[in-house]
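I have placed the structure first, in the form of C-alpha cells, so that the comments after it can refer back to it.
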Protein chains: 2
Amino acid sequence: MTPGQNTTTGLRARKKRRTRDALLRVALELFTTQGYEQTTIDEITDAVEVSQRTFFRYFASKEEAAFAVVDMVENKFVDSLRARPADETPFEAMRNAVESAWDSVSEALDAVVPVELYMRTYLLIESTPALIAVHLRRTAELEEGIAQLIADREGLDVNTDPRPRVAVASFTGVMRVTGKIWGRGRVASVEALQEITRAYLDHLGPALAGNWRTPVCDKDRRPG
Amino acid sequence: MTPGQNTTTGLRARKKRRTRDALLRVALELFTTQGYEQTTIDEITDAVEVSQRTFFRYFASKEEAAFAVVDMVENKFVDSLRARPADETPFEAMRNAVESAWDSVSEALDAVVPVELYMRTYLLIESTPALIAVHLRRTAELEEGIAQLIADREGLDVNTDPRPRVAVASFTGVMRVTGKIWGRGRVASVEALQEITRAYLDHLGPALAGNWRTPVCDKDRRPG
DNA sequence: ACGTTAGTGTCAGCTACTGACAGTTGACAA
DNA sequence: TTGTCAACTGTCAGTAGCTGACACTAACGT
C-alpha cells in the first residue's frame, strides 16, 4: 500500500529470490571455472555470505544447483507443450511448443544468469561424469513425461502404442544434438540456439507428422 | 610345491578373493533387503569383520560394489565379442558373443554370488534413483565401447557412419528389455535369461544382418 | 503496536570417502 | 629355517555433503 513500494511481490519474497539467484550465479560461476567437484558448498556460501544451511534450504543437493537452470528451461518447454491446441499433430505440438517457449525462456534465463554462463554450465554437465549420470536420468524422466503428455493428447496408451515414446525420443534426440552444437559454437545467445534448433527440426518434421488417430500408421491427414 | 596346496593361485590371492567376495555378497544382500541408501558401509564391514578402509580398497565407492556383478557380466560379453571371427556380420558377432559368453558368465557368476541375488540386484538398480543414474551412464559408455569395437571390425568410423551406433543401440535395447522381463519373472536362473534373450534376439536379426562393407546399405550378402 | 510466521544462523551429528602411518602375514631367497 | 620384502589390513584423523533441532531476527497481517 505504501507509495513507491514494489507490490508485485513482497519484500520478503524479493529478498528470498535475490538470495537464491545469488547462490545460483556464484555456484555456476565456480563450477564452470574450477570444476564441479573441486567446488565446495562452503566456497559458494562464503561468497554469498550466507550459511551452508541456507544453501540446502534452496537446493536439495549440490547437483540440484547445477541443474537448476536446465530444469527451468525444460519446464518452460513442458508448460508450453501443455498449452498447445489439441488439433496439432504430436510433432507440430512439440515444435510449436519449443518455438513459443523461446521468449519466456530467454526472459526467465537472463533474469537469473547470463546466457553465456548457462552455455558453460551445459558444457560442464556434459563433461563431468557425476553430472552426466544425473543428466541422463533426468532426460529419461523428462522424455517419459513428454511421451505421456503426447499420448494423452492423442488418446493413446504409452505402454501399448510405441509411437509416443519413439516420436519423443527422436525429438529430444534432435534437441540434444542442437544443444551440443550450440555449446561447441562461439555465439552464446538464445537466438543462436534458436536458429540451430529450427534448422535441425526442419529435417525431422516430415518423418513424424503422420496422423496417429487411426489404428494403423498411415500418412494421410486426420479426419478432423 | 607343498602337496595338498591349491597352486592355481597363492594363499594370499585366495584370501584376498575371499574377502572381496564376502564383502560383495554381504553388500548386495544388505542392499537388496533393506535398500541401497539405508545400508551403510559400516554395516557391511561389520558383518564381514573387516575395517571400512578395507572395503574402499576393494571398491572405489559404494556404487562400485552395487555394479560389480553387472560389470563382470558386461565384461564377459565384451571379451566374447572381441574374440568373434572377422567374417561375421556385426549382428551375428554380437549375437554369437552373447551366446558363447553364457557359460563363462554362469560360471563366474555363481562363483561369487547366487544367481538369484544377481537378479535382485538388477531390480534394485532399476528402482533406486541414484543407481539408475549411474546405470544409464555406464550403459551409455558400454554402448559407445561396443560401437567402437564394431566399427573397427568393419573398418568404419563411428563419427561418420551412424550404423555402428544404431545397431548397438538396437541390440543393447533388446538386451535391456530381456533383462527387465527376466527380472519380473519368477525363474532366477541363467538358463531362463538365456531363453528369453534368444527369443527376443531372433526378432531383431533379419533387420540388422545387412552387409556393411559396401558404401551404401544393401541387403545382399558380402562379396568376400 | 503486536503477535505470527517465514527465513536464517548455529550447532551437533551422520555418512561417504581419503591420506598417512603402523602392524601383520604370506612370498621368496639365502 | 630364517630373515627380508612386499602386500594386505587396521587405526586414526580429517574433509565434504547433507540433516535435524533450536533459537533469533525481520517481514507480515491485524
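If you're wondering about the labels, chains in the C-alpha cells are A, B, ... by order shown, residues count from 1 in each chain, ligands from 1 in order shown.
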Find the residues of chain D that sit at most 12 Å from chain B; for each, write down the nearest two atoms and how far apart they are in Å, to one decimal. Count only C-alpha atoms (C1' of nucleotides). Sort by chain, then by number going up, and give it as a tab-separated table.
residue	atom	partner	partner_atom	distance
D:DA6	C1'	B:Arg12	CA	11.7
D:DA7	C1'	B:Arg12	CA	8.5
D:DC8	C1'	B:Lys16	CA	8.2
D:DT9	C1'	B:Thr54	CA	6.8
D:DG10	C1'	B:Ser51	CA	6.5
D:DT11	C1'	B:Ser51	CA	9.1
D:DC12	C1'	B:Arg53	CA	11.2
Residues of chain C near chain B: apply a cut-off of 8 Å, count only C-alpha atoms (C1' of nucleotides), and supply the list as a VMD selection string.
chain C and resid 15 17 26
Go ahead and write the residues just picked, C-alpha atoms (C1' of nucleotides), as a PDB file, in the first residue's frame.
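And here is the file that came out, again04.pdb:
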ATOM      1  C1'  DT C  15      27.756 -40.950   6.203  1.00  0.00           C
ATOM      2  C1'  DC C  17      35.411 -41.199   1.312  1.00  0.00           C
ATOM      3  C1'  DG C  26      52.232 -64.529   3.093  1.00  0.00           C
TER       4       DG C  26
END
What residues in chain A have any atom no more than 6 Å from chain B when counting only C-alpha atoms, and can you write them as a list in words?
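Result: Ala133, Val134 and Arg137 of chain A.
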I'd like the neighbourhood of Arg120 (chain A) as a ChimeraX atom specification, where a residue qualifies if any of its atoms comes within 12 Å (using only C-alpha atoms (C1' of nucleotides)), though same-chain residues fewer than 2 positions away should be ignored.
/A:28-36,66,69-70,113-118,122-127,179-180,182-189
Keeping only N, CA and C atoms, take the residues you just selected and write them out as a short mmCIF file (atom, residue, chain, number, x, y, z; two decimals), in the first residue's frame.
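Resulting contents of again_25.cif:
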data_model
loop_
_atom_site.label_atom_id
_atom_site.label_comp_id
_atom_site.auth_asym_id
_atom_site.auth_seq_id
_atom_site.Cartn_x
_atom_site.Cartn_y
_atom_site.Cartn_z
N LEU A 28 27.25 -21.66 -10.16
CA LEU A 28 27.55 -22.00 -11.55
C LEU A 28 28.87 -21.37 -11.98
N GLU A 29 29.10 -20.17 -11.51
CA GLU A 29 30.37 -19.49 -11.86
C GLU A 29 31.55 -20.30 -11.35
N LEU A 30 31.46 -20.75 -10.09
CA LEU A 30 32.55 -21.54 -9.52
C LEU A 30 32.65 -22.91 -10.17
N PHE A 31 31.51 -23.55 -10.36
CA PHE A 31 31.51 -24.86 -11.02
C PHE A 31 32.22 -24.79 -12.36
N THR A 32 31.85 -23.79 -13.15
CA THR A 32 32.38 -23.74 -14.51
C THR A 32 33.82 -23.26 -14.58
N THR A 33 34.27 -22.54 -13.57
CA THR A 33 35.65 -22.06 -13.64
C THR A 33 36.64 -23.02 -13.02
N GLN A 34 36.24 -23.66 -11.90
CA GLN A 34 37.21 -24.52 -11.23
C GLN A 34 36.77 -25.97 -11.15
N GLY A 35 35.64 -26.29 -11.77
CA GLY A 35 35.18 -27.67 -11.77
C GLY A 35 34.13 -27.93 -10.71
N TYR A 36 33.23 -28.88 -10.99
CA TYR A 36 32.12 -29.17 -10.10
C TYR A 36 32.59 -29.77 -8.78
N ALA A 66 23.37 -27.37 -9.83
CA ALA A 66 23.96 -27.47 -11.16
C ALA A 66 22.89 -27.58 -12.24
N VAL A 69 19.08 -24.33 -13.72
CA VAL A 69 18.76 -23.55 -14.91
C VAL A 69 18.24 -24.46 -16.02
N VAL A 70 18.91 -25.57 -16.21
CA VAL A 70 18.44 -26.56 -17.20
C VAL A 70 17.00 -26.94 -16.88
N VAL A 113 20.69 -15.72 -14.73
CA VAL A 113 22.10 -15.86 -15.09
C VAL A 113 22.34 -15.38 -16.51
N PRO A 114 23.53 -14.91 -16.81
CA PRO A 114 23.87 -14.59 -18.20
C PRO A 114 23.76 -15.84 -19.08
N VAL A 115 23.30 -15.67 -20.28
CA VAL A 115 23.15 -16.81 -21.19
C VAL A 115 24.47 -17.54 -21.36
N GLU A 116 25.52 -16.78 -21.37
CA GLU A 116 26.84 -17.37 -21.60
C GLU A 116 27.20 -18.32 -20.45
N LEU A 117 26.75 -18.00 -19.25
CA LEU A 117 27.00 -18.88 -18.11
C LEU A 117 26.18 -20.16 -18.23
N TYR A 118 24.98 -20.02 -18.75
CA TYR A 118 24.14 -21.19 -18.99
C TYR A 118 24.83 -22.13 -19.97
N TYR A 122 26.11 -25.98 -19.35
CA TYR A 122 25.71 -27.12 -20.17
C TYR A 122 26.93 -27.95 -20.57
N LEU A 123 27.99 -27.24 -20.93
CA LEU A 123 29.24 -27.93 -21.29
C LEU A 123 29.82 -28.66 -20.08
N LEU A 124 29.74 -28.02 -18.93
CA LEU A 124 30.25 -28.64 -17.71
C LEU A 124 29.53 -29.95 -17.42
N ILE A 125 28.22 -29.90 -17.50
CA ILE A 125 27.41 -31.09 -17.21
C ILE A 125 27.82 -32.25 -18.11
N GLU A 126 28.05 -31.93 -19.37
CA GLU A 126 28.37 -32.99 -20.32
C GLU A 126 29.81 -33.48 -20.23
N SER A 127 30.58 -32.86 -19.36
CA SER A 127 31.97 -33.30 -19.24
C SER A 127 32.32 -33.72 -17.82
N GLY A 179 21.75 -28.77 -28.88
CA GLY A 179 22.40 -28.25 -27.67
C GLY A 179 23.90 -28.42 -27.74
N LYS A 180 24.32 -29.58 -28.17
CA LYS A 180 25.76 -29.87 -28.29
C LYS A 180 26.43 -28.94 -29.28
N TRP A 182 25.42 -26.05 -30.31
CA TRP A 182 25.41 -24.69 -29.75
C TRP A 182 26.57 -24.52 -28.76
N GLY A 183 26.72 -25.53 -27.89
CA GLY A 183 27.77 -25.46 -26.88
C GLY A 183 29.16 -25.38 -27.49
N ARG A 184 29.34 -26.08 -28.63
CA ARG A 184 30.65 -26.05 -29.28
C ARG A 184 30.88 -24.75 -30.02
N GLY A 185 29.79 -24.05 -30.33
CA GLY A 185 29.91 -22.82 -31.12
C GLY A 185 30.44 -21.64 -30.32
N ARG A 186 30.54 -20.51 -30.96
CA ARG A 186 31.12 -19.35 -30.30
C ARG A 186 30.07 -18.33 -29.89
N VAL A 187 28.85 -18.43 -30.45
CA VAL A 187 27.84 -17.42 -30.16
C VAL A 187 26.94 -17.86 -29.01
N ALA A 188 27.15 -17.28 -27.87
CA ALA A 188 26.38 -17.66 -26.69
C ALA A 188 25.12 -16.82 -26.56
N SER A 189 24.19 -16.99 -27.47
CA SER A 189 22.93 -16.25 -27.39
C SER A 189 21.77 -17.20 -27.61
#
If you run DSSP on the backbone, which residues of region 51-214 of chain A are helix (DSSP H, G or I), as JSON, numbers by chain?
{"A": [52, 53, 54, 55, 56, 57, 58, 62, 63, 64, 65, 66, 67, 68, 69, 70, 71, 72, 73, 74, 75, 76, 77, 78, 79, 80, 81, 82, 90, 91, 92, 93, 94, 95, 96, 97, 98, 99, 100, 101, 102, 103, 104, 105, 106, 107, 108, 109, 110, 115, 116, 117, 118, 119, 120, 121, 122, 123, 124, 125, 129, 130, 131, 132, 133, 134, 135, 136, 137, 138, 139, 140, 141, 142, 143, 144, 145, 146, 147, 148, 149, 150, 151, 152, 153, 154, 163, 164, 165, 166, 167, 168, 169, 170, 171, 172, 173, 174, 175, 176, 177, 178, 179, 180, 181, 182, 183, 184, 190, 191, 192, 193, 194, 195, 196, 197, 198, 199, 200, 201, 202, 203, 204, 205, 206, 207, 208]}
Between CA of Ala93 (chain B) and CA of Glu144 (chain B), what is the spacing in Å?
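About the pair CA of Glu144 (chain B) and CA of Ala93 (chain B): they are 16.3 Å apart.
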Interatomic distance, CA of Lys76 (chain B) to CA of Trp102 (chain B) (Å, one decimal):
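Distance between the two atoms: 8.6 Å.
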